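Enquirer: So that you have it, the file is data.tsv, and it contains TSV, N, CA and C atoms:
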chain	number	residue	atom	x	y	z
G	1	MET	N	126.27	105.33	67.56
G	1	MET	CA	125.55	106.53	67.19
G	1	MET	C	126.55	107.54	66.63
G	2	GLU	N	126.33	107.92	65.41
G	2	GLU	CA	127.20	108.89	64.74
G	2	GLU	C	126.84	110.31	65.18
G	3	THR	N	127.84	111.09	65.54
G	3	THR	CA	127.60	112.49	65.90
G	3	THR	C	128.23	113.39	64.84
G	4	VAL	N	127.64	114.58	64.72
G	4	VAL	CA	128.12	115.57	63.77
G	4	VAL	C	128.22	116.91	64.48
G	5	SER	N	129.06	117.79	63.94
G	5	SER	CA	129.14	119.15	64.44
G	5	SER	C	128.06	119.97	63.76
G	6	ALA	N	127.39	120.79	64.55
G	6	ALA	CA	126.34	121.65	64.00
G	6	ALA	C	126.47	123.02	64.64
G	7	SER	N	126.27	124.04	63.83
G	7	SER	CA	126.25	125.42	64.32
G	7	SER	C	124.87	125.98	64.06
G	8	VAL	N	124.30	126.57	65.09
G	8	VAL	CA	123.00	127.22	64.94
G	8	VAL	C	123.12	128.64	65.48
G	9	SER	N	122.27	129.51	64.96
G	9	SER	CA	122.28	130.90	65.39
G	9	SER	C	120.92	131.24	66.01
G	10	ILE	N	121.00	131.78	67.21
G	10	ILE	CA	119.81	132.22	67.92
G	10	ILE	C	120.08	133.62	68.45
G	11	MET	N	119.25	134.56	68.04
G	11	MET	CA	119.39	135.95	68.47
G	11	MET	C	120.80	136.49	68.20
G	12	ASP	N	121.28	136.22	66.98
G	12	ASP	CA	122.58	136.69	66.51
G	12	ASP	C	123.77	136.12	67.28
G	13	ARG	N	123.56	135.02	67.94
G	13	ARG	CA	124.65	134.36	68.65
G	13	ARG	C	124.75	132.94	68.13
G	14	THR	N	125.96	132.51	67.80
G	14	THR	CA	126.17	131.19	67.23
G	14	THR	C	126.51	130.20	68.33
G	15	TYR	N	125.89	129.05	68.23
G	15	TYR	CA	126.13	127.96	69.17
G	15	TYR	C	126.63	126.76	68.38
G	16	LYS	N	127.79	126.24	68.77
G	16	LYS	CA	128.36	125.07	68.12
G	16	LYS	C	128.12	123.87	69.02
G	17	LEU	N	127.55	122.84	68.41
G	17	LEU	CA	127.17	121.66	69.17
G	17	LEU	C	127.59	120.40	68.45
G	18	ARG	N	127.68	119.31	69.20
G	18	ARG	CA	127.81	117.99	68.62
G	18	ARG	C	126.53	117.26	68.94
G	19	VAL	N	125.89	116.77	67.91
G	19	VAL	CA	124.60	116.09	68.07
G	19	VAL	C	124.59	114.81	67.26
G	20	ALA	N	123.66	113.95	67.60
G	20	ALA	CA	123.47	112.74	66.79
G	20	ALA	C	123.07	113.17	65.39
G	21	ALA	N	123.63	112.51	64.41
G	21	ALA	CA	123.34	112.88	63.01
G	21	ALA	C	121.84	112.88	62.74
G	22	ALA	N	121.13	111.95	63.35
G	22	ALA	CA	119.69	111.86	63.14
G	22	ALA	C	118.93	113.05	63.74
G	23	ASP	N	119.56	113.75	64.68
G	23	ASP	CA	118.90	114.88	65.36
G	23	ASP	C	119.26	116.24	64.77
G	24	GLU	N	120.17	116.27	63.81
G	24	GLU	CA	120.65	117.55	63.31
G	24	GLU	C	119.54	118.40	62.69
G	25	GLU	N	118.71	117.82	61.86
G	25	GLU	CA	117.65	118.58	61.21
G	25	GLU	C	116.67	119.15	62.24
G	26	ALA	N	116.31	118.33	63.22
G	26	ALA	CA	115.39	118.79	64.27
G	26	ALA	C	116.02	119.93	65.08
G	27	LEU	N	117.32	119.83	65.33
G	27	LEU	CA	118.03	120.89	66.06
G	27	LEU	C	117.99	122.20	65.29
G	28	ARG	N	118.23	122.13	64.01
G	28	ARG	CA	118.22	123.34	63.18
G	28	ARG	C	116.82	123.96	63.13
G	29	LYS	N	115.81	123.12	62.99
G	29	LYS	CA	114.43	123.63	62.99
G	29	LYS	C	114.09	124.28	64.33
G	30	ALA	N	114.53	123.66	65.40
G	30	ALA	CA	114.27	124.20	66.74
G	30	ALA	C	114.94	125.56	66.91
G	31	ALA	N	116.17	125.67	66.45
G	31	ALA	CA	116.89	126.95	66.56
G	31	ALA	C	116.19	128.05	65.78
G	32	VAL	N	115.72	127.73	64.59
G	32	VAL	CA	114.98	128.71	63.78
G	32	VAL	C	113.70	129.12	64.50
G	33	ALA	N	112.99	128.15	65.05
G	33	ALA	CA	111.73	128.45	65.75
G	33	ALA	C	111.98	129.31	66.99
G	34	ILE	N	113.03	129.00	67.74
G	34	ILE	CA	113.37	129.77	68.93
G	34	ILE	C	113.71	131.21	68.55
G	35	ASP	N	114.55	131.36	67.53
G	35	ASP	CA	114.96	132.68	67.08
G	35	ASP	C	113.74	133.50	66.62
G	36	LYS	N	112.89	132.86	65.84
G	36	LYS	CA	111.70	133.55	65.32
G	36	LYS	C	110.78	134.00	66.46
G	37	GLN	N	110.53	133.10	67.40
G	37	GLN	CA	109.63	133.44	68.50
G	37	GLN	C	110.24	134.50	69.41
G	38	ALA	N	111.54	134.44	69.66
G	38	ALA	CA	112.19	135.44	70.49
G	38	ALA	C	112.11	136.82	69.83
G	39	ARG	N	112.31	136.85	68.53
G	39	ARG	CA	112.23	138.14	67.82
G	39	ARG	C	110.79	138.67	67.81
G	40	GLN	N	109.82	137.79	67.72
G	40	GLN	CA	108.43	138.22	67.80
G	40	GLN	C	108.14	138.83	69.17
G	41	TYR	N	108.59	138.16	70.22
G	41	TYR	CA	108.40	138.71	71.57
G	41	TYR	C	109.11	140.05	71.71
G	42	GLY	N	110.28	140.17	71.11
G	42	GLY	CA	111.02	141.43	71.17
G	42	GLY	C	110.25	142.57	70.54
G	43	GLY	N	109.57	142.27	69.43
G	43	GLY	CA	108.77	143.29	68.77
G	43	GLY	C	107.48	143.60	69.51
G	44	MET	N	106.90	142.60	70.11
G	44	MET	CA	105.63	142.79	70.81
G	44	MET	C	105.79	143.52	72.13
G	45	TYR	N	106.86	143.19	72.85
G	45	TYR	CA	107.02	143.71	74.21
G	45	TYR	C	108.16	144.71	74.35
G	46	ALA	N	108.83	145.04	73.28
G	46	ALA	CA	109.92	146.01	73.27
G	46	ALA	C	111.03	145.67	74.27
G	47	TYR	N	111.33	144.38	74.39
G	47	TYR	CA	112.46	143.96	75.21
G	47	TYR	C	113.72	144.07	74.38
G	48	ASN	N	114.79	144.46	75.01
G	48	ASN	CA	116.09	144.49	74.34
G	48	ASN	C	117.01	143.41	74.88
G	49	ASP	N	116.71	142.90	76.05
G	49	ASP	CA	117.57	141.90	76.68
G	49	ASP	C	117.25	140.52	76.10
G	50	HIS	N	118.20	139.95	75.40
G	50	HIS	CA	117.99	138.66	74.76
G	50	HIS	C	117.69	137.57	75.79
G	51	GLN	N	118.30	137.67	76.95
G	51	GLN	CA	118.06	136.66	77.98
G	51	GLN	C	116.58	136.65	78.39
G	52	ASP	N	115.98	137.82	78.53
G	52	ASP	CA	114.56	137.89	78.86
G	52	ASP	C	113.71	137.28	77.75
G	53	LEU	N	114.05	137.58	76.51
G	53	LEU	CA	113.30	137.04	75.38
G	53	LEU	C	113.41	135.52	75.32
G	54	LEU	N	114.61	135.01	75.52
G	54	LEU	CA	114.81	133.56	75.48
G	54	LEU	C	114.13	132.88	76.65
G	55	ALA	N	114.09	133.53	77.80
G	55	ALA	CA	113.36	132.98	78.95
G	55	ALA	C	111.87	132.90	78.64
G	56	MET	N	111.34	133.91	77.97
G	56	MET	CA	109.93	133.89	77.60
G	56	MET	C	109.63	132.76	76.61
G	57	VAL	N	110.54	132.55	75.66
G	57	VAL	CA	110.38	131.45	74.70
G	57	VAL	C	110.41	130.12	75.45
G	58	ALA	N	111.38	129.96	76.33
G	58	ALA	CA	111.50	128.70	77.09
G	58	ALA	C	110.24	128.46	77.90
G	59	LEU	N	109.75	129.48	78.57
G	59	LEU	CA	108.55	129.34	79.39
G	59	LEU	C	107.34	128.95	78.53
G	60	THR	N	107.18	129.59	77.40
G	60	THR	CA	106.07	129.29	76.50
G	60	THR	C	106.17	127.85	75.99
G	61	GLN	N	107.35	127.45	75.55
G	61	GLN	CA	107.52	126.12	74.97
G	61	GLN	C	107.35	125.02	76.02
G	62	ILE	N	107.90	125.22	77.19
G	62	ILE	CA	107.78	124.20	78.23
G	62	ILE	C	106.34	124.11	78.73
G	63	THR	N	105.64	125.23	78.77
G	63	THR	CA	104.22	125.20	79.14
G	63	THR	C	103.44	124.36	78.13
G	64	GLN	N	103.68	124.57	76.85
G	64	GLN	CA	103.00	123.79	75.81
G	64	GLN	C	103.38	122.31	75.91
G	65	LEU	N	104.65	122.02	76.15
G	65	LEU	CA	105.11	120.64	76.28
G	65	LEU	C	104.44	119.97	77.48
G	66	THR	N	104.36	120.66	78.59
G	66	THR	CA	103.73	120.10	79.78
G	66	THR	C	102.26	119.79	79.53
G	67	LYS	N	101.57	120.70	78.85
G	67	LYS	CA	100.16	120.47	78.53
G	67	LYS	C	100.00	119.25	77.61
G	68	MET	N	100.89	119.12	76.63
G	68	MET	CA	100.82	117.97	75.73
G	68	MET	C	101.10	116.67	76.48
G	69	GLN	N	102.09	116.68	77.38
G	69	GLN	CA	102.40	115.48	78.15
G	69	GLN	C	101.23	115.08	79.04
G	70	ASP	N	100.59	116.06	79.68
G	70	ASP	CA	99.43	115.77	80.52
G	70	ASP	C	98.31	115.18	79.68
G	71	SER	N	98.09	115.73	78.49
G	71	SER	CA	97.06	115.23	77.60
G	71	SER	C	97.37	113.80	77.16
G	72	LEU	N	98.63	113.52	76.85
G	72	LEU	CA	99.01	112.17	76.44
G	72	LEU	C	98.84	111.17	77.57
G	73	LYS	N	99.19	111.58	78.79
G	73	LYS	CA	99.01	110.69	79.94
G	73	LYS	C	97.54	110.34	80.10
G	74	PHE	N	96.68	111.35	80.00
G	74	PHE	CA	95.24	111.12	80.11
G	74	PHE	C	94.77	110.19	79.01
G	75	LYS	N	95.21	110.45	77.78
G	75	LYS	CA	94.78	109.62	76.65
G	75	LYS	C	95.30	108.19	76.79
G	76	ASP	N	96.54	108.03	77.30
G	76	ASP	CA	97.08	106.70	77.51
G	76	ASP	C	96.26	105.94	78.55
G	77	THR	N	95.89	106.62	79.62
G	77	THR	CA	95.08	106.01	80.67
G	77	THR	C	93.71	105.64	80.13
G	78	GLU	N	93.10	106.55	79.40
G	78	GLU	CA	91.79	106.30	78.81
G	78	GLU	C	91.86	105.13	77.82
G	79	LEU	N	92.90	105.10	77.01
G	79	LEU	CA	93.07	104.02	76.04
G	79	LEU	C	93.24	102.68	76.75
G	80	ALA	N	94.04	102.65	77.81
G	80	ALA	CA	94.25	101.41	78.55
G	80	ALA	C	92.94	100.91	79.15
G	81	GLN	N	92.13	101.82	79.68
G	81	GLN	CA	90.84	101.42	80.24
G	81	GLN	C	89.91	100.87	79.17
G	82	ARG	N	89.88	101.51	78.02
G	82	ARG	CA	89.02	101.03	76.93
G	82	ARG	C	89.48	99.67	76.41
G	83	LEU	N	90.79	99.49	76.28
G	83	LEU	CA	91.31	98.20	75.83
G	83	LEU	C	91.00	97.10	76.84
G	84	GLN	N	91.08	97.43	78.11
G	84	GLN	CA	90.76	96.45	79.14
G	84	GLN	C	89.28	96.06	79.07
G	85	SER	N	88.44	97.05	78.82
G	85	SER	CA	87.00	96.79	78.67
G	85	SER	C	86.73	95.91	77.46
G	86	ILE	N	87.38	96.21	76.34
G	86	ILE	CA	87.22	95.40	75.12
G	86	ILE	C	87.72	93.98	75.37
G	87	ASP	N	88.83	93.86	76.06
G	87	ASP	CA	89.39	92.55	76.37
G	87	ASP	C	88.41	91.73	77.22
G	88	SER	N	87.78	92.38	78.17
G	88	SER	CA	86.80	91.69	79.03
G	88	SER	C	85.62	91.18	78.20
G	89	VAL	N	85.14	92.02	77.29
G	89	VAL	CA	84.02	91.62	76.43
G	89	VAL	C	84.44	90.45	75.53
G	90	LEU	N	85.63	90.54	74.96
G	90	LEU	CA	86.11	89.45	74.10
G	90	LEU	C	86.28	88.15	74.88
G	91	GLU	N	86.83	88.25	76.07
G	91	GLU	CA	87.00	87.05	76.91
G	91	GLU	C	85.66	86.41	77.23
G	92	ALA	N	84.70	87.25	77.59
G	92	ALA	CA	83.37	86.74	77.92
G	92	ALA	C	82.71	86.10	76.69
G	93	THR	N	82.96	86.66	75.52
G	93	THR	CA	82.37	86.13	74.29
G	93	THR	C	83.06	84.85	73.83
G	94	LEU	N	84.36	84.83	73.89
G	94	LEU	CA	85.13	83.68	73.39
G	94	LEU	C	85.15	82.50	74.37
G	95	HIS	N	85.07	82.80	75.64
G	95	HIS	CA	85.15	81.75	76.66
G	95	HIS	C	84.01	81.91	77.68
G	96	PRO	N	82.77	81.73	77.24
G	96	PRO	CA	81.64	81.98	78.14
G	96	PRO	C	81.59	81.02	79.32
G	97	THR	N	82.06	79.80	79.17
G	97	THR	CA	81.98	78.85	80.28
G	97	THR	C	83.03	79.14	81.34
G	98	GLU	N	84.19	79.61	80.96
G	98	GLU	CA	85.24	79.93	81.93
G	98	GLU	C	84.83	81.11	82.80
G	99	ASN	N	84.10	82.05	82.25
G	99	ASN	CA	83.72	83.25	82.99
G	99	ASN	C	82.52	83.02	83.90
G	100	SER	N	81.79	81.93	83.69
G	100	SER	CA	80.61	81.69	84.51
G	100	SER	C	80.95	80.95	85.81
G	101	LEU	N	82.16	80.47	85.94
G	101	LEU	CA	82.56	79.71	87.15
G	101	LEU	C	82.80	80.59	88.30
So that I can check it, write out the structure of this file as C-alpha cells.
Expert:
Amino acid sequence: METVSASVSIMDRTYKLRVAAADEEALRKAAVAIDKQARQYGGMYAYNDHQDLLAMVALTQITQLTKMQDSLKFKDTELAQRLQSIDSVLEATLHPTENSL
C-alpha cells in the first residue's frame, strides 16, 4: 500500500498526515466538509472556541454515521430473510419430491 504525505487545513490549522494514496482525495474532501460545517456552527451559535465547534461537528457526523449503520444492519437482516424465503420457494419448486419427505 503506497502512502503519501497530505496537508489539510481545518479551522485555520494545518494537519500533516500520511495516508494511503487511494484515500487522499477522500481525506481532503472530509477536511473541507469539517471546516465548512464548523464555520457554519460558529456563525449560527456564536462560538469562538474551535474545540467546541469541532466537537459539535464530530457529534453530528457520528450521529449520522450511527443512524446509517443501524439502517444498513436492518436492511441486511431484511435482505437475508427475503433471500432465504426466495430460496425456500425455489427449492420447493425445483425439488418438489425432496421437500415432501
Enquirer: Restricting the calculation to only C-alpha atoms, which member of G:His95, G:Arg18, G:Arg13, G:Lys29 is positioned closest to G:Gln51?
Expert: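 Looking at the shortest contact to G:Gln51, the residue is G:Arg13.
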Enquirer: One decimal, Å: what's the distance from atom CA of G:Val32 over to atom CA of G:Asp12, could you say?
Expert: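 Pair atom CA of G:Val32 / atom CA of G:Asp12 returns 11.4 Å.
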Enquirer: Could you tell me how far atom N of G:Ala38 lies from atom CA of G:Val57, in Å and to one decimal?
Expert: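 Distance reported for this atom pair: 6.0 Å.
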Enquirer: What gap, in Å, lies between atom CA of G:Ser7 and atom C of G:Ala31?
Expert: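 Computed distance, atom CA of G:Ser7 to atom C of G:Ala31, equals 10.5 Å.
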Enquirer: Give me the residues near G:Ala22 as a list in words, where near means some atom within 8 Å (using only N, CA and C atoms) and where sequence neighbours in that chain fewer than 5 positions away do not count.
Expert: Met1, Glu2, Thr3, Val4 and Leu27 of chain G
Enquirer: List the spatial neighbours of G:Val8 as JSON, numbers by chain - criterion: any atom at most 6.5 Å away, all atoms listed in the file, same-chain residues fewer than 5 positions off excluded.
Expert: {"G": [13, 14, 15, 16, 17, 28, 31]}
